[in-house]
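Note: the block below is entry_39.txt and it holds compact mmCIF, C-alpha atoms.
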# COMPACT_ATOMS: atom_id res chain seq x y z
CA MET A 5 122.70 93.43 118.06
CA GLU A 6 125.34 96.02 117.29
CA ASN A 7 124.93 99.72 117.89
CA GLY A 8 122.93 101.27 115.10
CA SER A 9 121.12 98.04 114.20
CA ILE A 10 117.98 96.30 115.42
CA ILE A 11 116.80 93.44 113.22
CA ASN A 12 113.93 90.97 113.34
CA ARG A 13 112.23 92.47 116.38
CA ASP A 14 108.50 92.88 116.91
CA VAL A 15 107.78 96.56 117.52
CA ILE A 16 104.56 98.09 118.87
CA MET A 17 104.19 101.80 118.07
CA VAL A 18 101.53 103.70 120.03
CA GLY A 19 100.93 107.44 119.93
CA LEU A 20 98.86 110.50 119.25
CA GLN A 21 99.44 110.67 115.49
CA PRO A 22 96.79 108.54 113.74
CA TRP A 23 97.82 106.71 110.61
CA ASP A 24 95.10 108.52 108.67
CA LEU A 25 96.36 111.96 109.65
CA GLU A 26 95.64 114.50 106.90
CA ILE A 27 99.26 115.69 106.82
CA GLY A 28 102.58 113.91 107.14
CA GLY A 29 103.68 112.70 110.56
CA ASN A 30 107.00 111.88 112.19
CA PHE A 31 105.77 108.69 113.79
CA LYS A 32 104.52 107.31 110.48
CA ASN A 33 107.87 108.02 108.85
CA MET A 34 109.60 106.24 111.71
CA ALA A 35 107.27 103.25 111.31
CA PHE A 36 108.15 102.82 107.64
CA GLN A 37 111.87 103.02 108.45
CA ILE A 38 111.69 100.57 111.37
CA ALA A 39 109.61 98.14 109.29
CA ARG A 40 112.45 97.76 106.80
CA GLN A 41 114.10 95.26 109.16
CA ASN A 42 111.46 94.57 111.82
CA ARG A 43 107.77 93.76 112.14
CA VAL A 44 105.75 96.80 113.21
CA LEU A 45 102.26 97.15 114.66
CA TYR A 46 101.17 100.80 114.38
CA VAL A 47 98.33 101.39 116.82
CA ASN A 48 95.90 104.23 116.25
CA LYS A 49 94.71 106.17 119.29
CA PRO A 50 91.48 104.60 120.58
CA LEU A 51 88.24 106.50 120.16
CA ASP A 52 86.83 108.04 123.34
CA ARG A 53 83.17 108.68 124.07
CA LYS A 54 83.33 112.48 123.86
CA THR A 55 85.06 112.44 120.48
CA ALA A 56 82.53 109.91 119.19
CA LEU A 57 79.73 112.34 120.08
CA THR A 58 81.29 115.69 119.15
CA SER A 59 83.21 114.67 116.00
CA LYS A 60 80.72 112.35 114.31
CA LEU A 61 81.52 113.66 110.82
CA ASP A 62 85.28 113.40 111.16
CA PRO A 63 86.47 110.68 108.75
CA LYS A 64 88.75 109.28 111.46
CA THR A 65 85.83 108.94 113.88
CA ILE A 66 83.75 107.21 111.21
CA THR A 67 86.60 104.79 110.52
CA ARG A 68 87.09 103.99 114.22
CA LEU A 69 83.35 103.40 114.73
CA LYS A 70 83.29 101.01 111.77
CA SER A 71 86.11 99.06 113.40
CA ILE A 72 84.37 98.97 116.78
CA LYS A 73 80.83 98.19 115.61
CA LYS A 74 81.34 96.27 112.38
CA GLY A 75 84.88 94.92 112.59
CA VAL A 76 85.86 96.81 109.44
CA GLY A 77 89.51 97.81 108.98
CA VAL A 78 90.58 96.56 112.41
CA LEU A 79 93.97 95.21 111.37
CA GLU A 80 95.28 96.12 107.95
CA LYS A 81 98.63 95.38 106.34
CA VAL A 82 100.10 98.54 104.83
CA THR A 83 103.30 97.11 103.45
CA THR A 84 105.75 94.33 104.16
CA ASN A 85 106.22 94.02 107.94
CA LEU A 86 103.85 96.93 108.77
CA TRP A 87 100.28 96.69 110.08
CA VAL A 88 97.89 99.45 111.21
CA PHE A 89 95.52 98.58 114.05
CA ASN A 90 92.24 100.25 115.07
CA PRO A 91 91.37 99.08 118.61
CA GLN A 92 87.83 97.73 118.96
CA THR A 93 87.11 99.56 122.18
CA MET A 94 85.73 102.89 123.35
CA LEU A 95 87.66 104.67 126.10
CA GLU A 96 86.09 106.81 128.79
CA SER A 97 86.52 110.59 128.40
CA ILE A 98 88.04 111.46 131.76
CA ASN A 99 90.05 114.65 131.34
CA TRP A 100 87.25 116.63 133.08
CA LEU A 101 87.93 114.76 136.32
CA PRO A 102 90.16 116.50 138.88
CA PRO A 103 93.59 115.00 139.52
CA GLY A 104 93.43 112.33 142.16
CA ARG A 105 92.33 108.81 142.98
CA LEU A 106 89.18 108.69 140.82
CA TYR A 107 91.03 109.90 137.72
CA LYS A 108 93.76 107.32 138.29
CA ILE A 109 91.20 104.51 138.61
CA PHE A 110 89.53 105.41 135.32
CA ASN A 111 92.84 105.98 133.52
CA LYS A 112 94.00 102.52 134.58
CA LEU A 113 90.70 101.16 133.27
CA ASN A 114 91.30 102.86 129.92
CA ASN A 115 94.86 101.53 129.79
CA ARG A 116 93.67 97.97 130.56
CA ARG A 117 91.07 98.11 127.78
CA PHE A 118 93.68 99.49 125.39
CA ALA A 119 96.28 96.89 126.37
CA LYS A 120 93.77 94.05 125.96
CA GLN A 121 93.13 95.13 122.37
CA ILE A 122 96.84 95.44 121.59
CA LYS A 123 97.45 91.97 123.04
CA GLN A 124 94.80 90.51 120.73
CA ALA A 125 96.42 92.12 117.70
CA CYS A 126 99.87 90.92 118.78
CA ASN A 127 98.57 87.38 119.27
CA LYS A 128 97.01 87.40 115.81
CA LEU A 129 100.32 88.48 114.28
CA GLY A 130 102.41 86.20 116.48
CA PHE A 131 104.33 89.07 118.07
CA LYS A 132 106.65 88.02 120.90
CA ARG A 133 108.95 89.97 123.26
CA SER A 134 107.86 93.20 121.64
CA LEU A 135 109.62 96.53 121.85
CA LEU A 136 107.19 99.33 122.77
CA ILE A 137 107.61 102.88 121.43
CA VAL A 138 105.18 105.50 122.77
CA ASP A 139 104.79 108.77 120.87
CA ASN A 140 103.80 111.57 123.28
CA ASP A 141 100.73 109.72 124.62
CA PHE A 142 101.23 109.90 128.38
CA PHE A 143 97.55 109.22 129.15
CA ASN A 144 96.52 106.08 127.27
CA SER A 145 100.01 104.57 127.42
CA LEU A 146 100.92 105.31 131.03
CA TYR A 147 100.49 101.68 132.17
CA LEU A 148 101.05 99.80 128.89
CA LYS A 149 104.52 98.63 129.85
CA GLU A 150 103.07 96.75 132.83
CA TYR A 151 99.84 95.53 131.22
CA LEU A 152 101.59 94.30 128.07
CA LYS A 153 104.56 92.89 130.03
CA ILE A 154 107.00 94.72 127.76
CA ASP A 155 110.72 93.92 128.04
CA PHE A 156 111.90 97.27 126.72
CA SER A 157 110.04 100.55 126.28
CA VAL A 158 110.81 103.90 124.69
CA TYR A 159 109.07 107.23 125.13
CA TYR A 160 109.42 109.38 122.01
CA LEU A 161 109.06 113.07 122.90
CA ARG A 162 108.56 115.38 119.93
CA ASP A 163 106.33 118.13 121.38
CA TYR A 164 106.07 119.88 124.73
CA LEU A 165 102.36 119.19 125.13
CA LEU A 166 102.22 120.47 128.70
CA SER A 167 102.10 123.97 127.22
CA GLN A 168 98.45 123.26 126.38
CA PRO A 169 95.85 123.39 129.19
CA TYR A 170 94.16 120.14 128.11
CA PHE A 171 97.38 118.15 128.39
CA TYR A 172 98.78 120.05 131.37
CA LYS A 173 95.87 119.25 133.70
CA HIS A 174 96.84 115.58 134.14
CA GLY A 175 99.99 115.49 132.03
CA VAL A 176 101.99 117.49 134.57
CA LEU A 177 101.96 114.28 136.64
CA SER A 178 101.53 111.64 133.94
CA GLU A 179 104.33 112.61 131.57
CA PRO A 180 107.09 112.66 134.22
CA GLU A 181 105.75 109.35 135.60
CA LEU A 182 105.88 107.75 132.16
CA MET A 183 109.36 109.10 131.45
CA GLN A 184 110.58 107.66 134.74
CA LYS A 185 109.19 104.17 134.12
CA VAL A 186 110.32 103.66 130.48
CA ASP A 187 113.80 102.35 129.75
CA ILE A 188 114.83 105.32 127.62
CA VAL A 189 113.43 108.61 126.35
CA THR A 190 114.26 109.83 122.84
CA THR A 191 113.56 113.32 121.52
CA ASN A 192 113.71 115.26 118.27
CA SER A 193 115.25 118.42 119.75
CA VAL A 194 118.05 119.26 122.17
CA TYR A 195 115.66 121.45 124.15
CA LEU A 196 113.34 118.49 124.78
CA THR A 197 116.29 116.25 125.65
CA GLU A 198 117.28 118.65 128.42
CA TYR A 199 113.70 118.60 129.71
CA ALA A 200 113.48 114.79 129.61
CA GLN A 201 116.78 114.33 131.44
CA LYS A 202 115.20 115.84 134.55
CA TYR A 203 113.14 112.66 134.86
CA ASN A 204 115.19 110.01 133.07
CA ALA A 205 118.96 110.17 132.77
CA ASN A 206 118.74 107.84 129.78
CA SER A 207 117.32 110.52 127.47
CA PHE A 208 118.77 110.88 123.98
CA TYR A 209 118.48 113.31 121.07
CA ILE A 210 117.83 111.39 117.85
CA GLY A 211 116.84 114.30 115.57
CA GLN A 212 114.40 113.54 112.82
CA GLY A 213 114.24 113.22 109.07
CA CYS A 214 112.53 114.39 105.94
CA GLU A 215 111.78 112.92 102.53
CA PHE A 216 114.54 114.94 100.90
CA GLU A 217 114.44 112.96 97.66
CA VAL A 218 110.80 113.98 97.17
CA PHE A 219 111.41 117.68 97.78
CA GLU A 220 114.77 117.82 95.99
CA LYS A 221 113.25 116.71 92.70
CA LYS A 222 112.03 119.62 90.61
CA THR A 223 109.40 118.46 88.15
CA GLY A 224 108.88 121.85 86.53
CA HIS A 225 105.13 121.50 87.03
CA ILE A 226 103.45 124.65 88.37
CA PRO A 227 100.11 123.92 90.08
CA MET A 228 97.20 125.80 88.52
CA ASP A 229 96.14 127.60 91.71
CA ILE A 230 99.58 129.13 92.24
CA GLY A 231 100.50 129.73 88.61
CA ASP A 232 98.62 133.04 88.30
CA ILE A 233 99.66 134.48 91.66
CA PRO A 234 101.96 137.51 91.18
CA LYS A 235 105.64 137.14 92.02
CA PRO A 236 107.46 137.27 94.33
CA ILE A 237 105.80 134.51 96.32
CA ILE A 238 106.60 134.30 100.01
CA GLY A 239 105.25 130.92 101.05
CA TYR A 240 104.47 128.72 104.02
CA CYS A 241 103.57 125.04 103.72
CA GLY A 242 102.12 123.13 106.66
CA ALA A 243 99.28 123.06 109.17
CA LEU A 244 98.05 126.60 109.91
CA LEU A 245 97.74 126.49 113.69
CA SER A 246 97.32 129.69 115.68
CA ILE A 247 99.05 128.16 118.71
CA ARG A 248 102.22 127.67 116.65
CA LEU A 249 102.26 130.42 114.03
CA ASP A 250 102.40 134.19 114.45
CA ILE A 251 99.29 135.50 112.68
CA GLY A 252 100.10 139.08 113.66
CA LEU A 253 103.54 138.80 112.08
CA LEU A 254 102.06 137.49 108.83
CA ILE A 255 99.52 140.32 108.74
CA SER A 256 102.29 142.90 109.30
CA ILE A 257 104.48 141.43 106.56
CA ALA A 258 101.56 141.47 104.12
CA LYS A 259 100.58 145.05 105.01
CA ASN A 260 104.15 146.38 104.86
CA LYS A 261 104.83 144.75 101.51
CA PRO A 262 101.64 144.72 99.43
CA GLN A 263 103.74 143.93 96.34
CA TRP A 264 104.64 140.56 97.84
CA SER A 265 102.26 137.59 97.57
CA ILE A 266 101.93 135.70 100.84
CA VAL A 267 100.87 132.13 100.02
CA LEU A 268 99.71 129.85 102.82
CA ILE A 269 99.22 126.13 102.12
CA GLY A 270 97.66 123.78 104.63
CA PRO A 271 94.55 123.15 106.73
CA GLU A 272 93.47 126.09 108.94
CA ASP A 273 92.36 126.04 112.55
CA GLU A 274 89.67 128.43 113.80
CA GLY A 275 92.23 131.09 114.68
CA PHE A 276 93.39 131.31 111.09
CA LYS A 277 89.90 131.05 109.64
CA LYS A 278 88.78 134.06 111.68
CA SER A 279 91.98 136.10 111.24
CA GLY A 280 92.43 139.36 109.38
CA LEU A 281 94.68 137.58 106.90
CA HIS A 282 91.56 136.68 104.91
CA HIS A 283 90.87 140.38 104.31
CA LEU A 284 94.23 141.16 102.69
CA LYS A 285 94.39 141.09 98.89
CA ASN A 286 97.98 139.86 98.75
CA VAL A 287 97.40 136.86 101.04
CA TYR A 288 96.38 133.62 99.35
CA PHE A 289 95.03 130.56 101.18
CA LEU A 290 95.37 127.51 98.94
CA GLY A 291 94.06 124.97 101.45
CA HIS A 292 95.07 121.42 102.21
CA LYS A 293 97.13 119.62 99.57
CA GLU A 294 97.98 115.98 99.11
CA PRO A 295 101.55 115.23 100.23
CA TYR A 296 102.68 114.22 96.74
CA SER A 297 101.87 117.70 95.40
CA LEU A 298 103.65 119.74 98.09
CA PRO A 299 107.12 119.79 96.44
CA ASP A 300 105.72 121.51 93.34
CA TYR A 301 104.29 124.26 95.53
CA VAL A 302 107.51 124.70 97.51
CA HIS A 303 109.50 124.95 94.27
CA SER A 304 107.09 127.74 93.22
CA PHE A 305 108.03 129.84 96.27
CA ASP A 306 110.68 132.54 96.00
CA VAL A 307 111.14 132.59 99.78
CA CYS A 308 110.00 129.98 102.31
CA LEU A 309 108.71 131.05 105.72
CA ASN A 310 108.39 129.51 109.15
CA PRO A 311 106.81 132.35 111.20
CA GLN A 312 106.57 130.58 114.53
CA LEU A 313 105.25 132.06 117.71
CA VAL A 314 107.78 131.74 120.51
CA ASN A 315 106.08 129.93 123.36
CA GLU A 316 106.47 126.78 125.44
CA MET A 317 105.02 124.69 122.63
CA THR A 318 107.31 125.93 119.86
CA ILE A 319 110.59 126.84 121.53
CA GLY A 320 111.82 123.24 121.49
CA ASN A 321 109.90 122.12 118.42
CA TYR A 322 111.89 120.72 115.49
CA PRO A 323 110.08 122.04 112.40
CA ARG A 324 110.31 119.33 109.75
CA LYS A 325 109.23 121.81 107.09
CA ILE A 326 112.64 123.51 107.35
CA ASP A 327 114.31 120.36 106.06
CA GLU A 328 111.69 120.11 103.31
CA TYR A 329 112.33 123.71 102.24
CA LEU A 330 116.09 123.15 102.27
CA ALA A 331 115.75 119.88 100.34
CA ALA A 332 114.15 121.93 97.57
CA GLY A 333 117.17 124.25 97.71
CA LYS A 334 115.01 127.20 98.75
CA PRO A 335 116.07 130.18 100.90
CA VAL A 336 114.38 130.13 104.31
CA VAL A 337 113.39 132.87 106.74
CA ALA A 338 112.28 131.66 110.16
CA THR A 339 111.75 132.74 113.73
CA ALA A 340 114.77 132.24 115.96
CA THR A 341 114.17 129.49 118.55
CA LYS A 342 116.36 127.05 120.46
CA ALA A 343 115.59 124.26 117.99
CA MET A 344 116.30 126.51 114.99
CA GLU A 345 119.89 127.11 116.15
CA GLU A 346 120.76 123.90 114.31
CA PHE A 347 119.93 125.69 111.04
CA ALA A 348 121.65 129.00 111.81
CA ALA A 349 124.26 128.56 109.07
CA CYS A 350 121.78 127.90 106.25
CA THR A 351 118.69 129.99 107.11
CA TYR A 352 117.85 133.56 108.09
CA LEU A 353 116.74 133.59 111.73
CA CYS A 354 114.68 136.58 112.88
CA SER A 355 113.23 137.82 116.14
CA ASP A 356 110.88 140.56 114.92
CA LEU A 357 109.03 142.05 111.94
CA ASN A 358 111.95 144.24 110.88
CA GLY A 359 114.24 141.21 110.81
CA TYR A 360 111.79 139.34 108.59
CA LEU A 361 111.39 142.23 106.16
CA LEU A 362 115.14 142.81 105.85
CA ALA A 363 115.89 139.10 105.37
CA ILE A 364 113.24 138.65 102.68
CA GLU A 365 114.34 141.82 100.90
CA LYS A 366 117.95 140.62 100.96
CA ILE A 367 116.97 137.27 99.42
CA LEU A 368 114.83 138.87 96.71
CA ALA A 369 117.58 141.35 95.83
CA SER A 370 120.23 138.66 95.44
CA GLN A 371 120.63 135.88 92.94
CA ASP A 372 120.84 132.36 94.29
CA ASP A 373 123.92 130.59 93.01
CA ALA A 374 124.34 126.86 92.55
CA GLY A 375 126.62 126.65 95.59
CA GLN A 376 123.99 128.06 97.94
CA VAL A 377 121.32 125.75 96.59
CA HIS A 378 123.64 122.75 96.88
CA SER A 379 124.62 123.56 100.49
CA ARG A 380 120.96 123.77 101.54
CA ILE A 381 120.20 120.43 99.94
CA GLU A 382 123.19 118.85 101.68
CA VAL A 383 121.93 120.01 105.07
CA ALA A 384 118.56 118.38 104.38
CA LYS A 385 120.28 115.19 103.21
CA SER A 386 122.06 114.92 106.56
CA HIS A 387 118.65 114.83 108.29
CA THR A 388 117.21 111.55 107.07
CA TRP A 389 114.83 109.17 108.80
CA GLU A 390 117.44 106.47 108.33
CA ASN A 391 119.96 108.50 110.35
CA SER A 392 117.38 109.28 113.01
CA ILE A 393 116.39 105.61 113.41
CA ILE A 394 120.05 104.57 113.60
CA LYS A 395 120.38 106.98 116.55
CA LEU A 396 117.25 105.43 118.09
CA TYR A 397 118.69 101.92 117.71
CA THR A 398 122.05 103.02 119.11
CA ALA A 399 120.34 104.46 122.19
CA ILE A 400 118.32 101.26 122.71
CA ASN A 401 121.29 98.94 122.25
CA SER A 402 123.66 100.96 124.42
CA HIS A 403 121.13 100.88 127.27
CA GLN A 404 120.41 97.17 126.85
CA ASN A 405 124.12 96.42 126.89
CA LYS A 406 124.38 98.11 130.31
CA GLN A 407 121.69 95.92 131.83

Output the file's structure in the form of structure tokens.
Amino acid sequence: MENGSIINRDVIMVGLQPWDLEIGGNFKNMAFQIARQNRVLYVNKPLDRKTALTSKLDPKTITRLKSIKKGVGVLEKVTTNLWVFNPQTMLESINWLPPGRLYKIFNKLNNRRFAKQIKQACNKLGFKRSLLIVDNDFFNSLYLKEYLKIDFSVYYLRDYLLSQPYFYKHGVLSEPELMQKVDIVTTNSVYLTEYAQKYNANSFYIGQGCEFEVFEKKTGHIPMDIGDIPKPIIGYCGALLSIRLDIGLLISIAKNKPQWSIVLIGPEDEGFKKSGLHHLKNVYFLGHKEPYSLPDYVHSFDVCLNPQLVNEMTIGNYPRKIDEYLAAGKPVVATATKAMEEFAACTYLCSDLNGYLLAIEKILASQDDAGQVHSRIEVAKSHTWENSIIKLYTAINSHQNKQ
């Protein structure tokens, strides 16, 4: 194996992003890319007892229960070399336990059940000497390297989950432990690389990608629900999560500029559903959209927004939507964070309401020329999943060559 190339390996991918996630996911994109030259088993997070009781109507819960009880959709081939696996086991819900011996006993039990299921799937597919990649799941994957007898393991860190109380309670011990035991850690932001290097010197920044071809293409189609909204349209496209996005900032922008239409596309959490944004006449919630339709909406925006809150969760977060906006050639106004420094030359970075208002006004008052549009697209083209996976392979190979 040369640097930048891993071919004909069996790869197990385990993480928090389910395959049937309503919006796009980094780990899924990585799976497709890795499967171009390797066999990939993409393992959905196992169902736990609490989720089975409290989220009975969630389509993902229904699908997992069908796999467990009826053997439906347990192992499905998605494309050449890529299978999605729903474990036929129910894990114990143990986050309520205090840190200590009892929690560790039950977490090992969960990991053993999980590993047993993965082994069965690997045996069915004939997987041997598998490479394990864990996406942010430092609970259910803490002991997988040992239980699966994995030769080489990677922890993929794309979010600082310890900023959330649920994950912090046990993750403050589990995540460092997992990072110490894997062979390498890879991250999608420099900020997270610096954090990971405290626990594993073999931590590497691999960036991430976007489907720039999809967003670059302008079909000319204007979706019906955005076609009658008054211009200019200041738009955001992505999950509307109050832990990540500044609702107060959006309200202030809308109130200060009633002549602007603020269009928000994506599923809302409770914070957004209950927010004052729903009482403003110039704010439009268009709801969840299928991924294939998103480029047409982005091309309908006059200005693209990423109004992040600045907190432990977001400061190191690489926002993939920035690449999607740039791939469409659109001007972008975003909150200044450590991760956003990479885009300083091609976006407007702001730290307060006044900065946002001035940047948007400047964009609306100017005329985009072909050179500006082209330069934005070129930035997005440099951030491909192919490039990101090459960096992943290079990190794996360079470490293996040292051993």

Surrounding residues of A:Ser370 excluding itself and chain neighbours under 6 positions, 12 Å, only C-alpha atoms, as a PDB file with C-alpha atoms, in the frame of the given file:
ATOM      1  CA  ASP A 306     110.680 132.540  96.000  1.00  0.00           C
ATOM      2  CA  VAL A 307     111.140 132.590  99.780  1.00  0.00           C
ATOM      3  CA  PRO A 335     116.070 130.180 100.900  1.00  0.00           C
ATOM      4  CA  ALA A 363     115.890 139.100 105.370  1.00  0.00           C
ATOM      5  CA  ILE A 364     113.240 138.650 102.680  1.00  0.00           C
ATOM      6  CA  GLN A 376     123.990 128.060  97.940  1.00  0.00           C
TER       7      GLN A 376
END

Residues within 6 Å of A:Ala332, only C-alpha atoms, excluding chain neighbours under 3 positions, as a PDB file with C-alpha atoms, in the coordinates of the input:
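The new file out-v2.pdb reads:
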ATOM      1  CA  PHE A 219     111.410 117.680  97.780  1.00  0.00           C
ATOM      2  CA  GLU A 220     114.770 117.820  95.990  1.00  0.00           C
ATOM      3  CA  TYR A 329     112.330 123.710 102.240  1.00  0.00           C
TER       4      TYR A 329
END

### Message
I'd like the interatomic distance between atom CA of A:Ser386 and atom CA of A:Cys350, to a tenth of an Å.
### Response
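Interatomic distance, atom CA of A:Ser386 to atom CA of A:Cys350: 13.0 Å.
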
### Task
Using all atoms listed in the file, find all polymer residues with an atom at most 9 Å away from the point (109.8, 116.1, 131.5); report them as a PyMOL selection string.
chain A and resi 164+176+179-181+183+196-204

Mind writing the picked residues with C-alpha atoms as a PDB file, in the coordinates of the input?
ATOM      1  CA  TYR A 164     106.070 119.880 124.730  1.00  0.00           C
ATOM      2  CA  VAL A 176     101.990 117.490 134.570  1.00  0.00           C
ATOM      3  CA  GLU A 179     104.330 112.610 131.570  1.00  0.00           C
ATOM      4  CA  PRO A 180     107.090 112.660 134.220  1.00  0.00           C
ATOM      5  CA  GLU A 181     105.750 109.350 135.600  1.00  0.00           C
ATOM      6  CA  MET A 183     109.360 109.100 131.450  1.00  0.00           C
ATOM      7  CA  LEU A 196     113.340 118.490 124.780  1.00  0.00           C
ATOM      8  CA  THR A 197     116.290 116.250 125.650  1.00  0.00           C
ATOM      9  CA  GLU A 198     117.280 118.650 128.420  1.00  0.00           C
ATOM     10  CA  TYR A 199     113.700 118.600 129.710  1.00  0.00           C
ATOM     11  CA  ALA A 200     113.480 114.790 129.610  1.00  0.00           C
ATOM     12  CA  GLN A 201     116.780 114.330 131.440  1.00  0.00           C
ATOM     13  CA  LYS A 202     115.200 115.840 134.550  1.00  0.00           C
ATOM     14  CA  TYR A 203     113.140 112.660 134.860  1.00  0.00           C
ATOM     15  CA  ASN A 204     115.190 110.010 133.070  1.00  0.00           C
TER      16      ASN A 204
END

### Query
By how many Å are atom CA of A:Val383 and atom CA of A:Ile230 apart?
27.3 Å

### Task
Could you tell me which of A:Tyr352, A:Trp264, A:Tyr46, A:Phe216 comes closest to A:Gly19 if we count all atoms listed in the file?
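Smallest distance to A:Gly19 is found for A:Tyr46.
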
### Query
atom CA of A:Ile210 and atom CA of A:Lys395, how far apart in Å?
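If I compute the distance from atom CA of A:Lys395 to atom CA of A:Ile210, I get 5.3 Å.
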
### Residues within 12 Å of A:Pro271, all atoms listed in the file, excluding chain neighbours under 6 positions, as a count of residues only
17

#### Entry: Closest of A:Cys354, A:Leu166, A:Val158, A:Val47 to A:Gln121 - atom-to-atom distances counting all atoms listed in the file
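Selected residue with least distance to A:Gln121: A:Val47.
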
### Message
Which residues are close to A:Pro63, i.e. within 12 Å by only C-alpha atoms, leaving aside same-chain residues fewer than 5 positions away? Reply as an MDAnalysis selection string.
### Response
chainID A and resid 22 24:26 55:56 68:70

### Query
Between A:Ser145, A:Thr58, A:Ser297, A:Thr84, which is the closest to A:Gln37 once you count only C-alpha atoms?
A:Thr84
